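Structure record follows, encoded as C-alpha cells.
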Amino acid sequence: MTVHIACATYNGAKYLEDFIKSLGGQTHADWRLYVRDDASSDATAAIVWTAASQDARIELANVAQPETRLGAARSFLWLVDRLPDDATHVMFADQDDVWKPDKIERTLASMTAIEAELGSQVPVLVHTDLTVTDAALHEIHPSFWAYSRIHPEPTTLRRMVSHNVTTGATVMINRALRELLRHAPADVVMHDWWCACVASAFGRIVAVHEPTILYRQHGANSIGARDKRISLTSLPGAILARRHTTAEFRRGLDAAARQAGAFLQRYGSWLTAADQQFLSAYARIPQRQFLRRKIDLLRFRVVPDQGVLHALGVLIRG
C-alpha cells in the first residue's frame, strides 16, 4: 500500500537531508514524498532536486510557482489538494525531524485497523507521540506529550476547536478525511489543527501512545516543544511572564476564533444545532466585553489543560 507524504519546506537546508535519509530507512518502503518549497532563500530546493534525481519516490511539487509564499498551513493544504487522486493514506512531514524506522509501518497499521473496524468511508486521523531532542538529536524527553503536558483524549469537536493536541509531522489521514479537507478556507491557523477539527466532527481521531519521530528543537521551529513544569520558586516570574504575553495570547485567540467561524461556514449545514451554536459563540469571543469574554473562556474550555497556573495566565491575558 502506497503512502503519500506531504512536506512543506522553508529554509530547511540545515536539517532536510537528515529527514530524507530517515525516509530511506523506513521499514515500509512503498511511499512517495511530495515537497512544496515555500520560496526558500537557502539550498532547500536544491537539496530536494538532488534527492529527487536519486530517488524516483521524491518530487518537488511546485516547480511551476517556486517563488510564491503561502506559509506553513497553506503550503500543506496546497499539497493536500494536489496529491494524486488515488492517494488513500496521506502523512504530513516536517523538514527538520527524523523519522524512526517503523514510523510509517506503525502508523499505517493503526490506520488500517481502525478502518477495518469502522469502514474506509469514515474520516480518520491517526497521530502519535514524539521523542523531544535537541538540535544534535540528543534526547531531551522520551515523550513530547508528557513534556508539554498534552492529553490526546478526549477528541470531541468542542475540545479540538480550543486545543490542538495533534502534531502535524505525526499525522496520517485517510482518503475520506482528505476529501473533506479539499479547498480549505484562508482562515485555517495550522493544517494539523484544522484536520483534527474535521476528523473530530465527522469521523475518528486515533492517538498512538508511542513516539515515532525524533522531534528536533533548534530554536527556529514554527511550533516547538515546551517544558510546562513550573516550580514554586518560579511561580511569581511565571505569572508575570504570562501577563507580558497578553498581545500574543490575544492574537492566538483571534486566530482560533476566525478558524471556528470558518469551520462553521464550511461545514455548518452538516453539524448539529448545538455544535453550530457553539462555533458561532466561540467565533465571537474576541468581540465580547471584558467580563463576558472571561466567562466564555471558561465556559468553552479555552483554558488549557496544563494546570491552575496556565489557567490563571489565560484568564489574565484573555
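In the C-alpha cells, chains take letters A, B, ... by order of appearance, with residues numbered from 1 within each chain and ligands from 1 in the order shown.
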
(message) List as a ChimeraX atom specification the protein and nucleic acid residues near A:Tyr34, meaning an atom at most 8 Å away when only C-alpha atoms are counted, but skip any in the same chain fewer than 2 places from it.
(response) /A:4-7,32,36,58-61,79,83

Restricting it to C-alpha atoms, dump the selection as a short mmCIF file (atom, residue, chain, number, x, y, z; two decimals), in the first residue's frame.
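Output file out_30.cif follows:
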data_model
loop_
_atom_site.label_atom_id
_atom_site.label_comp_id
_atom_site.auth_asym_id
_atom_site.auth_seq_id
_atom_site.Cartn_x
_atom_site.Cartn_y
_atom_site.Cartn_z
CA HIS A 4 1.83 9.62 0.14
CA ILE A 5 3.80 12.11 2.25
CA ALA A 6 3.29 15.88 2.09
CA CYS A 7 6.18 18.05 3.25
CA ARG A 32 6.01 8.85 -2.22
CA ARG A 36 6.27 22.14 -1.66
CA ILE A 58 10.60 12.07 -4.27
CA GLU A 59 9.08 15.01 -6.15
CA LEU A 60 9.23 18.80 -5.87
CA ALA A 61 5.57 19.58 -6.42
CA LEU A 79 -0.30 19.74 -1.21
CA LEU A 83 -1.66 14.90 -4.37
#

Give me, as a Markdown table, the closest atom pair and its distance (Å, one decimal) for every residue of stretch 96-174 of chain A within a cut-off of 12 Å of stretch 256-264 of chain A, counting only C-alpha atoms, rows sorted by chain and rising number.
| residue | atom | partner | partner_atom | distance |
| --- | --- | --- | --- | --- |
| A:Leu157 | CA | A:Ala260 | CA | 10.4 |
| A:Arg158 | CA | A:Ala260 | CA | 10.0 |
| A:Arg159 | CA | A:Ala260 | CA | 11.8 |
| A:Met160 | CA | A:Ala260 | CA | 10.2 |
| A:Val161 | CA | A:Ala260 | CA | 6.7 |
| A:Ser162 | CA | A:Ala256 | CA | 7.3 |
| A:His163 | CA | A:Ala256 | CA | 9.5 |
| A:Asn164 | CA | A:Ala256 | CA | 10.2 |

Residues from the last selection, C-alpha atoms, saved as a PDB file, in the first residue's frame:
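Contents of out_1.pdb, as written:
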ATOM      1  CA  LEU A 157     -15.126  18.865  18.325  1.00  0.00           C
ATOM      2  CA  ARG A 158     -15.545  21.317  21.188  1.00  0.00           C
ATOM      3  CA  ARG A 159     -12.193  20.352  22.677  1.00  0.00           C
ATOM      4  CA  MET A 160     -10.402  20.311  19.317  1.00  0.00           C
ATOM      5  CA  VAL A 161     -11.606  23.819  18.472  1.00  0.00           C
ATOM      6  CA  SER A 162      -9.866  25.106  21.610  1.00  0.00           C
ATOM      7  CA  HIS A 163      -6.946  22.663  21.976  1.00  0.00           C
ATOM      8  CA  ASN A 164      -4.889  21.279  19.144  1.00  0.00           C
TER       9      ASN A 164
END

Please identify every residue of stretch 7-52 of chain A that has at least one atom no farther than 12 Å from an atom of stretch 124-135 of chain A, counting only C-alpha atoms, and for each give the shortest atom pair and the distance in Å to one decimal, arranged by chain then increasing number, as a tab-separated table.
residue	atom	partner	partner_atom	distance
A:Lys14	CA	A:Ala135	CA	10.3
A:Tyr15	CA	A:Ala135	CA	9.0
A:Asp18	CA	A:Ala135	CA	11.5

(request) Excluding A:Glu179 and residues on its chain fewer than 2 positions from it, collect all residues at most 12 Å away from it, counting only C-alpha atoms, and give them as a count of residues only. (result) 28

(request) Write out as a PyMOL selection string each polymer residue whose atoms come within 12 Å of A:Val98, counting only C-alpha atoms; drop sequence neighbours fewer than 3 positions from it. (result) chain A and resi 15-26+93-95+101-103+130-138+169-170+211-217

(request) Point out the residue among A:Val165, A:Ala274, A:Met91, A:Val35 with the least atom-to-atom distance to A:Ile47, counting only C-alpha atoms. (result)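 Closest to A:Ile47, using only C-alpha atoms: A:Val35.
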